[in-house]
Every structure is written in C-alpha cells, then in structure tokens.
file upload_5.txt (compact mmCIF, C-alpha atoms)
# COMPACT_ATOMS: atom_id res chain seq x y z
CA MET A 1 -2.56 1.08 19.42
CA LYS A 2 -1.60 4.63 18.43
CA ILE A 3 -1.46 5.43 14.72
CA ALA A 4 0.34 8.59 13.53
CA LEU A 5 -1.62 10.11 10.65
CA ASP A 6 -0.10 12.78 8.42
CA ALA A 7 -3.17 15.01 8.55
CA MET A 8 -1.75 17.41 5.94
CA GLY A 9 -0.95 14.78 3.31
CA GLY A 10 -3.16 14.32 0.24
CA ASP A 11 -5.26 16.31 -2.16
CA TYR A 12 -8.13 16.73 0.31
CA ALA A 13 -6.26 17.23 3.58
CA PRO A 14 -7.02 17.99 6.32
CA LEU A 15 -10.76 17.65 5.58
CA GLU A 16 -10.72 13.97 4.53
CA THR A 17 -7.82 12.90 6.77
CA VAL A 18 -9.52 14.15 9.92
CA LYS A 19 -12.82 12.60 8.87
CA GLY A 20 -11.05 9.29 8.13
CA ALA A 21 -9.49 9.30 11.59
CA ILE A 22 -12.89 9.81 13.21
CA GLU A 23 -14.33 6.95 11.16
CA ALA A 24 -11.42 4.66 12.08
CA ILE A 25 -11.81 5.06 15.84
CA GLY A 26 -15.54 4.53 15.40
CA GLU A 27 -14.94 1.20 13.66
CA ASN A 28 -12.17 -0.15 15.90
CA LYS A 29 -12.32 0.60 19.62
CA ASN A 30 -8.65 -0.32 20.14
CA ILE A 31 -7.30 2.39 17.85
CA ARG A 32 -6.05 5.82 18.90
CA VAL A 33 -5.05 8.32 16.22
CA ILE A 34 -2.49 11.09 16.46
CA LEU A 35 -3.29 13.77 13.88
CA VAL A 36 0.02 15.32 12.84
CA GLY A 37 0.05 18.70 11.14
CA LYS A 38 -0.94 22.33 11.54
CA GLU A 39 -2.94 22.17 14.74
CA GLU A 40 -5.06 25.26 14.02
CA LEU A 41 -6.39 23.72 10.79
CA ILE A 42 -6.82 20.27 12.33
CA ASN A 43 -8.69 21.56 15.38
CA LYS A 44 -10.98 23.55 13.09
CA GLU A 45 -11.93 20.31 11.29
CA LEU A 46 -12.38 18.41 14.56
CA LEU A 47 -15.05 20.91 15.64
CA LYS A 48 -17.34 19.37 13.01
CA TYR A 49 -17.47 16.02 14.82
CA SER A 50 -18.55 14.39 18.04
CA TYR A 51 -15.88 11.85 19.03
CA ASP A 52 -14.02 10.25 21.93
CA LYS A 53 -11.45 12.93 22.75
CA ASP A 54 -9.34 10.39 24.65
CA ARG A 55 -8.66 8.57 21.39
CA ILE A 56 -7.80 11.49 19.11
CA GLU A 57 -4.88 13.80 19.78
CA VAL A 58 -3.17 16.51 17.77
CA LYS A 59 0.58 16.83 17.28
CA ASN A 60 1.61 20.17 15.83
CA ALA A 61 3.88 20.21 12.78
CA THR A 62 4.54 23.58 11.21
CA GLU A 63 5.57 22.51 7.69
CA VAL A 64 4.07 20.51 4.81
CA ILE A 65 5.80 18.72 1.95
CA GLU A 66 3.49 19.57 -0.93
CA MET A 67 2.18 17.08 -3.50
CA ASP A 68 3.80 19.20 -6.24
CA GLU A 69 6.96 19.99 -4.28
CA LYS A 70 9.44 21.74 -6.60
CA THR A 71 12.59 20.27 -5.05
CA SER A 72 13.68 16.63 -5.05
CA PRO A 73 12.21 14.31 -2.37
CA THR A 74 15.54 14.10 -0.53
CA ILE A 75 16.00 17.87 -0.42
CA ALA A 76 12.38 18.42 0.65
CA VAL A 77 12.62 15.86 3.46
CA ARG A 78 15.90 17.28 4.76
CA ALA A 79 14.86 20.93 4.40
CA LYS A 80 11.44 20.63 6.01
CA LYS A 81 12.36 18.86 9.22
CA ASP A 82 9.07 19.84 10.88
CA ALA A 83 6.94 18.60 7.97
CA SER A 84 3.93 16.57 9.05
CA MET A 85 5.14 13.31 7.46
CA ASN A 86 8.59 13.72 9.03
CA VAL A 87 7.09 14.26 12.47
CA ALA A 88 4.70 11.28 12.06
CA LEU A 89 7.56 8.97 11.06
CA GLU A 90 9.69 10.24 13.94
CA MET A 91 6.91 9.17 16.30
CA VAL A 92 7.02 5.64 14.86
CA LYS A 93 10.80 5.62 15.15
CA ASN A 94 10.63 6.69 18.82
CA GLY A 95 7.89 4.21 19.71
CA GLU A 96 5.21 6.88 20.25
CA ALA A 97 3.11 5.32 17.45
CA VAL A 98 2.95 1.84 15.89
CA ALA A 99 2.43 3.03 12.31
CA CYS A 100 2.56 6.08 10.06
CA ILE A 101 -0.15 6.73 7.47
CA SER A 102 0.22 9.41 4.79
CA ALA A 103 -1.49 10.31 1.52
CA GLY A 104 1.22 12.87 0.83
CA ASN A 105 4.03 13.09 -1.73
CA THR A 106 5.05 9.50 -2.57
CA GLY A 107 8.72 10.16 -3.27
CA ALA A 108 9.12 12.23 -0.13
CA LEU A 109 7.36 9.66 2.06
CA MET A 110 9.48 6.81 0.67
CA THR A 111 12.64 8.84 1.23
CA ALA A 112 11.66 9.94 4.74
CA SER A 113 10.58 6.42 5.69
CA GLN A 114 13.93 4.96 4.66
CA LEU A 115 15.92 7.72 6.33
CA LYS A 116 14.05 7.53 9.64
CA LEU A 117 12.98 3.91 9.98
CA LYS A 118 15.92 2.31 8.12
CA ARG A 119 15.82 -1.10 6.51
CA ILE A 120 15.52 -4.25 8.59
CA LYS A 121 18.90 -5.95 8.94
CA GLY A 122 19.33 -8.27 6.00
CA VAL A 123 16.84 -6.50 3.73
CA LEU A 124 18.48 -5.61 0.43
CA ARG A 125 15.89 -3.13 -0.82
CA ALA A 126 12.61 -1.77 0.51
CA ALA A 127 9.67 -2.33 -1.85
CA ILE A 128 6.26 -0.78 -2.40
CA THR A 129 3.64 -3.44 -1.72
CA THR A 130 0.06 -3.02 -2.86
CA VAL A 131 -3.12 -5.07 -3.14
CA PHE A 132 -4.68 -5.80 -6.52
CA PRO A 133 -8.27 -6.96 -7.23
CA ALA A 134 -8.78 -10.52 -8.50
CA ASN A 135 -11.66 -12.81 -9.46
CA ASP A 136 -14.29 -14.07 -7.01
CA SER A 137 -14.04 -10.97 -4.79
CA LYS A 138 -10.46 -11.86 -3.86
CA HIS A 139 -7.25 -9.87 -3.92
CA ILE A 140 -3.61 -10.49 -4.72
CA VAL A 141 -0.41 -8.84 -3.47
CA LEU A 142 1.80 -7.04 -6.02
CA LEU A 143 5.36 -5.94 -5.36
CA ASP A 144 7.49 -4.08 -6.20
CA ALA A 145 5.00 -1.46 -7.34
CA GLY A 146 7.55 1.26 -8.00
CA ALA A 147 10.34 1.63 -5.46
CA ASN A 148 13.15 -0.08 -7.42
CA ALA A 149 13.24 0.43 -11.19
CA ASP A 150 16.44 -1.61 -11.45
CA CYS A 151 16.56 -4.92 -9.59
CA LYS A 152 18.84 -7.89 -9.11
CA PRO A 153 17.54 -11.47 -8.97
CA GLU A 154 18.25 -11.61 -5.23
CA TYR A 155 15.94 -8.63 -4.67
CA LEU A 156 13.00 -10.42 -6.31
CA ASP A 157 13.72 -13.54 -4.31
CA GLN A 158 13.64 -11.55 -1.09
CA PHE A 159 10.56 -9.59 -2.17
CA ALA A 160 8.76 -12.94 -2.44
CA THR A 161 9.79 -13.93 1.08
CA MET A 162 8.53 -10.62 2.50
CA ALA A 163 5.31 -10.64 0.46
CA ASN A 164 4.63 -14.15 1.73
CA GLU A 165 4.44 -12.79 5.29
CA TYR A 166 2.37 -9.81 4.11
CA ALA A 167 -0.27 -12.03 2.48
CA LYS A 168 -0.49 -14.20 5.59
CA VAL A 169 -1.39 -11.16 7.72
CA LEU A 170 -3.48 -8.97 5.40
CA LEU A 171 -5.23 -11.60 3.29
CA ASN A 172 -5.34 -14.30 5.98
CA ILE A 173 -3.80 -16.90 3.67
CA GLU A 174 -1.93 -19.66 5.48
CA SER A 175 0.35 -20.62 2.57
CA PRO A 176 0.33 -17.92 -0.14
CA ARG A 177 1.05 -19.01 -3.72
CA ILE A 178 3.81 -16.92 -5.31
CA GLY A 179 4.11 -16.11 -9.02
CA LEU A 180 6.91 -14.35 -10.93
CA LEU A 181 5.60 -11.85 -13.49
CA ASN A 182 6.94 -12.76 -16.93
CA ILE A 183 6.17 -12.76 -20.66
CA GLY A 184 5.36 -16.48 -20.64
CA GLU A 185 4.61 -19.30 -18.23
CA GLU A 186 7.36 -21.68 -19.37
CA ASP A 187 10.60 -22.13 -17.44
CA GLY A 188 13.42 -20.16 -19.02
CA LYS A 189 11.18 -17.39 -20.36
CA GLY A 190 12.00 -13.71 -19.99
CA ASN A 191 15.11 -11.57 -19.68
CA GLU A 192 18.24 -12.23 -17.62
CA LEU A 193 16.60 -10.83 -14.47
CA THR A 194 13.53 -13.06 -14.57
CA LYS A 195 15.47 -16.15 -15.69
CA SER A 196 17.89 -15.86 -12.77
CA ALA A 197 15.16 -14.90 -10.29
CA PHE A 198 13.08 -17.92 -11.36
CA TYR A 199 15.71 -20.39 -10.18
CA LEU A 200 16.29 -18.53 -6.91
CA LEU A 201 12.56 -18.55 -6.20
CA LYS A 202 12.36 -22.23 -7.09
CA GLU A 203 14.96 -22.98 -4.40
CA ASN A 204 13.43 -20.66 -1.78
CA LYS A 205 12.17 -22.93 1.00
CA ASN A 206 10.19 -20.15 2.70
CA ILE A 207 7.59 -19.83 -0.06
CA ASP A 208 5.21 -21.81 -2.25
CA PHE A 209 6.53 -20.79 -5.67
CA CYS A 210 4.14 -21.58 -8.54
CA GLY A 211 6.35 -20.42 -11.42
CA ASN A 212 5.97 -17.68 -14.02
CA ILE A 213 2.71 -15.84 -14.55
CA GLU A 214 1.63 -13.49 -17.34
CA THR A 215 -0.19 -10.21 -16.69
CA ARG A 216 -3.41 -11.52 -18.25
CA GLU A 217 -3.46 -14.36 -15.70
CA MET A 218 -2.77 -12.23 -12.63
CA THR A 219 -6.38 -11.89 -11.58
CA ASN A 220 -7.60 -15.43 -12.29
CA GLY A 221 -6.91 -16.70 -8.79
CA SER A 222 -3.99 -18.99 -9.61
CA VAL A 223 -1.60 -17.07 -7.32
CA ASP A 224 -1.88 -14.88 -4.21
CA VAL A 225 1.33 -12.88 -4.70
CA VAL A 226 2.92 -11.49 -7.88
CA VAL A 227 6.59 -10.51 -7.71
CA THR A 228 8.31 -8.20 -10.18
CA ASP A 229 10.76 -5.29 -10.41
CA GLY A 230 9.55 -1.80 -9.55
CA PHE A 231 9.63 -0.53 -13.14
CA THR A 232 7.37 -3.30 -14.44
CA GLY A 233 5.16 -3.33 -11.33
CA ASN A 234 4.44 0.38 -11.57
CA ILE A 235 3.50 0.10 -15.23
CA VAL A 236 1.17 -2.84 -14.46
CA LEU A 237 -0.49 -0.90 -11.65
CA LYS A 238 -1.02 2.29 -13.64
CA THR A 239 -2.16 0.41 -16.74
CA ALA A 240 -4.76 -1.40 -14.64
CA GLU A 241 -5.96 1.88 -13.11
CA GLY A 242 -6.24 3.42 -16.58
CA THR A 243 -8.12 0.40 -17.92
CA VAL A 244 -10.66 0.60 -15.09
CA HIS A 245 -11.31 4.28 -15.83
CA PHE A 246 -11.55 3.52 -19.56
CA MET A 247 -14.13 0.78 -19.03
CA LYS A 248 -16.18 2.98 -16.70
CA ASN A 249 -16.27 5.72 -19.35
CA ILE A 250 -17.35 3.24 -22.04
CA ILE A 251 -20.23 2.06 -19.85
CA LYS A 252 -21.29 5.63 -19.01
CA ASP A 253 -21.24 6.66 -22.66
CA GLY A 254 -23.18 3.56 -23.68
CA VAL A 255 -25.88 4.11 -21.08
CA LYS A 256 -26.54 7.62 -22.39
CA LYS A 257 -27.26 6.46 -25.94
CA SER A 258 -30.81 5.14 -25.53
CA LEU A 259 -33.72 4.70 -23.16
CA LEU A 260 -33.33 0.92 -23.39
CA ALA A 261 -29.70 1.23 -22.32
CA LYS A 262 -30.74 3.36 -19.33
CA ILE A 263 -33.33 0.78 -18.27
CA GLY A 264 -30.75 -1.98 -18.65
CA ALA A 265 -28.24 -0.02 -16.56
CA LEU A 266 -30.84 0.41 -13.84
CA LEU A 267 -31.46 -3.33 -13.75
CA MET A 268 -27.71 -3.96 -13.69
CA SER A 269 -27.01 -1.44 -10.91
CA PRO A 270 -26.26 -4.12 -8.24
CA VAL A 271 -23.65 -5.63 -10.60
CA PHE A 272 -22.11 -2.22 -11.30
CA LYS A 273 -21.90 -1.50 -7.56
CA GLU A 274 -20.07 -4.78 -6.99
CA MET A 275 -17.69 -4.00 -9.87
CA LYS A 276 -16.98 -0.59 -8.37
CA LYS A 277 -16.30 -2.12 -4.97
CA GLN A 278 -13.98 -4.75 -6.46
CA SER A 279 -11.92 -2.16 -8.34
CA ASP A 280 -11.92 0.41 -5.54
CA SER A 281 -8.35 1.00 -4.32
CA SER A 282 -9.70 2.53 -1.10
CA GLU A 283 -10.82 -0.91 0.16
CA TYR A 284 -7.30 -1.68 1.41
CA GLY A 285 -6.31 1.90 2.04
CA GLY A 286 -2.76 2.09 0.77
CA ALA A 287 0.63 0.58 -0.03
CA LEU A 288 3.08 -0.62 2.60
CA PHE A 289 6.75 0.27 2.30
CA MET A 290 7.99 -3.27 2.82
CA GLY A 291 11.28 -4.11 4.51
CA LEU A 292 11.59 -1.13 6.84
CA ASN A 293 12.04 -1.23 10.59
CA GLY A 294 8.57 0.19 11.17
CA ILE A 295 5.16 0.42 9.51
CA SER A 296 4.78 3.18 6.92
CA ILE A 297 1.74 3.13 4.63
CA LYS A 298 1.20 5.36 1.59
CA ALA A 299 -2.45 6.10 0.86
CA HIS A 300 -3.42 7.36 -2.59
CA GLY A 301 -3.01 11.10 -3.06
CA ASN A 302 -6.72 11.56 -3.82
CA SER A 303 -7.85 9.47 -0.83
CA ASP A 304 -11.24 10.22 0.66
CA SER A 305 -12.11 9.52 4.30
CA LYS A 306 -12.93 5.88 3.52
CA ALA A 307 -9.46 5.25 2.09
CA ILE A 308 -7.81 7.01 5.05
CA LYS A 309 -9.92 4.99 7.49
CA ASN A 310 -8.99 1.72 5.79
CA ALA A 311 -5.29 2.65 5.70
CA ILE A 312 -5.43 3.26 9.46
CA LEU A 313 -7.19 -0.09 10.00
CA VAL A 314 -4.57 -1.89 7.89
CA GLY A 315 -1.72 -0.22 9.76
CA ASN A 316 -3.31 -1.29 13.03
CA LYS A 317 -3.72 -4.87 11.76
CA PHE A 318 -0.04 -5.14 10.88
CA ALA A 319 0.90 -3.77 14.31
CA GLU A 320 -1.45 -6.14 16.15
CA ASN A 321 0.05 -9.10 14.30
CA ASN A 322 3.64 -8.03 15.07
CA PHE A 323 4.35 -7.95 11.35
CA ILE A 324 7.74 -6.23 11.61
CA GLU A 325 8.98 -8.80 14.13
CA SER A 326 7.77 -11.63 11.88
CA LEU A 327 9.63 -10.06 8.97
CA LYS A 328 12.79 -9.74 11.04
CA LYS A 329 12.66 -13.42 11.92
CA VAL A 330 12.21 -14.67 8.38
CA ILE A 331 14.79 -12.27 6.90
CA GLY A 332 17.17 -12.76 9.82
CA GLY A 333 17.15 -16.45 9.13
CA GLU A 334 18.43 -15.73 5.64
CA ASN A 335 21.27 -13.37 6.43
CA GLU A 336 23.91 -15.83 5.27
CA LYS A 337 22.08 -16.27 1.98
CA TYR A 338 21.88 -12.56 1.28
call {"tool": "encode", "arguments": {"input": "upload_5.txt", "output": "structure tokens"}}
result
Amino acid sequence: MKIALDAMGGDYAPLETVKGAIEAIGENKNIRVILVGKEELINKELLKYSYDKDRIEVKNATEVIEMDEKTSPTIAVRAKKDASMNVALEMVKNGEAVACISAGNTGALMTASQLKLKRIKGVLRAAITTVFPANDSKHIVLLDAGANADCKPEYLDQFATMANEYAKVLLNIESPRIGLLNIGEEDGKGNELTKSAFYLLKENKNIDFCGNIETREMTNGSVDVVVTDGFTGNIVLKTAEGTVHFMKNIIKDGVKKSLLAKIGALLMSPVFKEMKKQSDSSEYGGALFMGLNGISIKAHGNSDSKAIKNAILVGNKFAENNFIESLKKVIGGENEKY
C-alpha cells in the first residue's frame, strides 16, 4: 500500500512529517510512503535516518499552501497547482497512492480533496469525521466536525450511515450505536433540524439508532457514533480541546503549591499518563473527509511524528479494508432515497 504524505504540511514540516513516515514503515511492513514536497528539504531530513529505501520515495512539488495562507482556500488551491497537497491528492486520484495524509491548511485540503476526488455518487455532502475519547479507554466517532455549518435533515441521516461504516472499520465495532446530538434525550427535543433528522434516523434500516444524546453523555459509552451538523460539531470539538488544556493547567498549578502536592502528583503519575494518553488526539492521527471518492485524512496542524505515523496507519487501514468501496455500496443502495 502506497500512502501519499504531504511532507510540507503542518507547523513542524518537513521535520516531523519525514520522521513520522519513517516510524510508520517501521511499524507496518506493508506500507510504502511517498513524501510529497520540496525534494531538497525532504532529502536533507531523510539523511538523518537509516530506513528501507525501497519503501520511501520522494515526489517533488515546488509549491506549498501555507497554514496562514492570505487568500481563500479555493483561490490558493487553484493558484498553486504544484502545491504538495495538490500533488498528493492527484496521486490518489490517479491510483498512484491509496490515501493522502496532510497536516496542512484545513480549508485548502478540504477544498482540494473535493475538487480532485469528488463526492461518491449519492453522497449529499462530505463531512469531517473525527474520533473522540470516551470512558473505559474507548473512543467514539463524531461527525460532522466542521465541514457543513448549515445542514438539512437528510445530510445528518446520511452522515449516520457513513459513520456506521467508519466505526466498523476503525473501531472494530460490528454494530455501532448511533446517537443524535441534541439539547435533551426525549423524542421531539431540539430545533427543526434535529426534530426532522430524528425521525429520518429512526427509520434508517442501515443503522442502530439509539435516539438523542446530550453533550454531557457523549463520553459515557452509551453510543459509538455521535451525529450533528458541522457548526455544532466543531464547537463541541474545540470546547473539549479547550477543557482538556484547562484541566491540565489546573493540575499543574495545584502541584506547584506545596511539597505534599508534589509528592501526591508523583504517586499519581501513572494515572496522569493514562489521562494524557486518553485525551491525546495523536492516537488516531487525524480526521477523515468522509464521502469522497478516495481517502483524504487531515492531521492536526501541530502534529508531531507520532500523530503523522498514526494518520498513515489509519489511512492504510481504511485502504486495506476497502472502505471507499464499502461506502459506495451502502450509499449506492440508497440513491432512490436521497
């Protein structure tokens, strides 16, 4: 399996992207990585490592879409045709790679992915799909995490169908439980969007719909997938990230206050390590742009080599499990409905 990695994407590229690629081929012997970007810079980083040169190759791309690009995503993608993320996605489109991984500009990657890979026939809207930590060292799937601020009920219904397939592959859950994010658990709660989506989801024979779920119940293990519109999903995701940072700062400040607190923190270090692992977004590498005719994964902009490695491994897992073909079958079977 060949994975196209945007080696210039992210805050720490190409240092961490190249390192992540080396780590990925070391962990999975079936993976080959194509490092896409400015070959002079990439080759300079590769000199630091001893690796199987048959499983790492470099594809030159002369341009980079910056994280703080001044123009709109659409203009940047169209103007910089030889940008590393454009070239990586073109390789997926042409069958030269099974997946594209990038930690670059989110808006540009989403735009480029849709322009080059196109939506699967029958898909109404592509969605950003991410993994969220839950109790008992488990995870849940959240979508849409930001692609579609305005949604129709049919979009949420279809998001659930696609996320159902996602959870089967990534989380190894045979029959994922689906919840609709709402302001209350009772039937009929919410605004016009959630009320209408509720009844569509209830009639959806492709999923195990468990009803409405509130944000405070998301991580308790009652569902495996949470479906919402992109506006709400993005707020939930960023609020959770901010809360994690806030709690970490409280603990750090508390530990500094006394010798007893420092001793207690030392004794609690195994627990703190487990908490850090549970809340670490790098564990699953990145967010999949769901509903496209190819695998495109967005890693966090500040990804280190571990996050890049895991994003590559996830992309490879989706490819090995023929995820896009599975999605085509389940969506194709619903064309009349949509």
call {"tool": "atom_distance", "arguments": {"input": "upload_5.txt", "atom1": "atom CA of Thr129 of chain A", "atom2": "atom CA of Ser222 of chain A"}}
result
19.0 Å
call {"tool": "residues_near_point", "arguments": {"input": "upload_5.txt", "point": "(8.4, -2.7, 8.1)", "cutoff": "9 Å", "atoms": "only C-alpha atoms", "output": "VMD selection string"}}
result
chain A and resid 117 119 to 120 126 288 to 296 323 to 325 327 to 328
call {"tool": "residues_around", "arguments": {"input": "upload_5.txt", "residues": "Lys317 of chain A", "least_positions_apart": "5", "cutoff": "9 Å", "atoms": "all atoms listed in the file", "output": "PyMOL selection string"}}
result
chain A and resi 169-170+312+322-323
call {"tool": "write_last_selection", "arguments": {"input": "upload_5.txt", "atoms": "C-alpha atoms", "output": "mmCIF file, in the coordinates of the input"}}
result
data_model
loop_
_atom_site.group_PDB
_atom_site.id
_atom_site.type_symbol
_atom_site.label_atom_id
_atom_site.label_comp_id
_atom_site.auth_asym_id
_atom_site.auth_seq_id
_atom_site.Cartn_x
_atom_site.Cartn_y
_atom_site.Cartn_z
ATOM 1 C CA VAL A 169 -1.390 -11.160 7.720
ATOM 2 C CA LEU A 170 -3.480 -8.970 5.400
ATOM 3 C CA ILE A 312 -5.430 3.260 9.460
ATOM 4 C CA ASN A 322 3.640 -8.030 15.070
ATOM 5 C CA PHE A 323 4.350 -7.950 11.350
#
call {"tool": "closest_residue", "arguments": {"input": "upload_5.txt", "among": "A:Val92, A:Ile213, A:Ala7, A:Ala13", "to": "Gly190 of chain A", "atoms": "all atoms listed in the file"}}
result
A:Ile213
call {"tool": "residues_around", "arguments": {"input": "upload_5.txt", "residues": "Asn28 of chain A", "least_positions_apart": "4", "cutoff": "10 Å", "atoms": "all atoms listed in the file", "output": "mmCIF file with C-alpha atoms, in the coordinates of the input"}}
result
data_model
loop_
_atom_site.group_PDB
_atom_site.id
_atom_site.type_symbol
_atom_site.label_atom_id
_atom_site.label_comp_id
_atom_site.auth_asym_id
_atom_site.auth_seq_id
_atom_site.Cartn_x
_atom_site.Cartn_y
_atom_site.Cartn_z
ATOM 1 C CA GLU A 23 -14.330 6.950 11.160
ATOM 2 C CA ALA A 24 -11.420 4.660 12.080
ATOM 3 C CA ARG A 32 -6.050 5.820 18.900
ATOM 4 C CA ILE A 312 -5.430 3.260 9.460
ATOM 5 C CA LEU A 313 -7.190 -0.090 10.000
ATOM 6 C CA ASN A 316 -3.310 -1.290 13.030
#
call {"tool": "residues_around", "arguments": {"input": "upload_5.txt", "residues": "Ile31 of chain A", "least_positions_apart": "6", "cutoff": "7 Å", "atoms": "all atoms listed in the file", "output": "number ranges by chain"}}
result
A: 1-2, 25
call {"tool": "write_last_selection", "arguments": {"input": "upload_5.txt", "atoms": "C-alpha atoms", "output": "tab-separated table (two decimals), keeping the file's coordinate frame"}}
result
chain	number	residue	atom	x	y	z
A	1	MET	CA	-2.56	1.08	19.42
A	2	LYS	CA	-1.60	4.63	18.43
A	25	ILE	CA	-11.81	5.06	15.84
call {"tool": "atom_distance", "arguments": {"input": "upload_5.txt", "atom1": "atom CA of Ala127 of chain A", "atom2": "atom CA of Asp144 of chain A"}}
result
5.2 Å
call {"tool": "atom_distance", "arguments": {"input": "upload_5.txt", "atom1": "atom CA of Pro133 of chain A", "atom2": "atom CA of Thr219 of chain A"}}
result
6.8 Å
call {"tool": "residues_near_point", "arguments": {"input": "upload_5.txt", "point": "(16.7, 13.7, -0.8)", "cutoff": "10 Å", "atoms": "only C-alpha atoms", "output": "JSON, numbers by chain"}}
result
{"A": [71, 72, 73, 74, 75, 76, 77, 78, 79, 107, 108, 111, 112, 115]}
call {"tool": "axis_aligned_box", "arguments": {"input": "upload_5.txt", "around": "segment 227-235 of chain A", "padding_each_side": "4 Å", "output": "AutoDock Vina command-line options"}}
result
--center_x 7.1 --center_y -5.1 --center_z -11.5 --size_x 15.3 --size_y 18.9 --size_z 15.5
call {"tool": "closest_residue", "arguments": {"input": "upload_5.txt", "among": "A:Leu124, A:Asn30, A:Ala4, A:Asn60", "to": "Lys93 of chain A", "atoms": "all atoms listed in the file"}}
result
A:Ala4
call {"tool": "residues_around", "arguments": {"input": "upload_5.txt", "residues": "Glu203 of chain A", "least_positions_apart": "3", "cutoff": "12 Å", "atoms": "all atoms listed in the file", "output": "list in words"}}
result
Glu154, Asp157, Gln158, Ala160, Thr161, Ser196, Ala197, Phe198, Tyr199, Leu200, Asn206, Ile207, Asp208, Phe209, Cys210, Gly211 and Lys337 of chain A
call {"tool": "closest_residue", "arguments": {"input": "upload_5.txt", "among": "A:Val33, A:Ala167, A:Ile173, A:Leu47", "to": "Leu15 of chain A", "atoms": "only C-alpha atoms"}}
result
A:Leu47
call {"tool": "closest_residue", "arguments": {"input": "upload_5.txt", "among": "A:His245, A:Lys257, A:Arg177, A:Lys306", "to": "Val18 of chain A", "atoms": "all atoms listed in the file"}}
result
A:Lys306
call {"tool": "closest_residue", "arguments": {"input": "upload_5.txt", "among": "A:Lys138, A:Lys309, A:Gln114, A:Thr194", "to": "Gly26 of chain A", "atoms": "only C-alpha atoms"}}
result
A:Lys309
call {"tool": "residues_around", "arguments": {"input": "upload_5.txt", "residues": "Phe132 of chain A", "least_positions_apart": "5", "cutoff": "8 Å", "atoms": "all atoms listed in the file", "output": "JSON, numbers by chain"}}
result
{"A": [139, 140, 141, 142]}
call {"tool": "closest_residue", "arguments": {"input": "upload_5.txt", "among": "A:Ala103, A:Val314, A:Ala163, A:Leu193", "to": "Ala299 of chain A", "atoms": "all atoms listed in the file"}}
result
A:Ala103
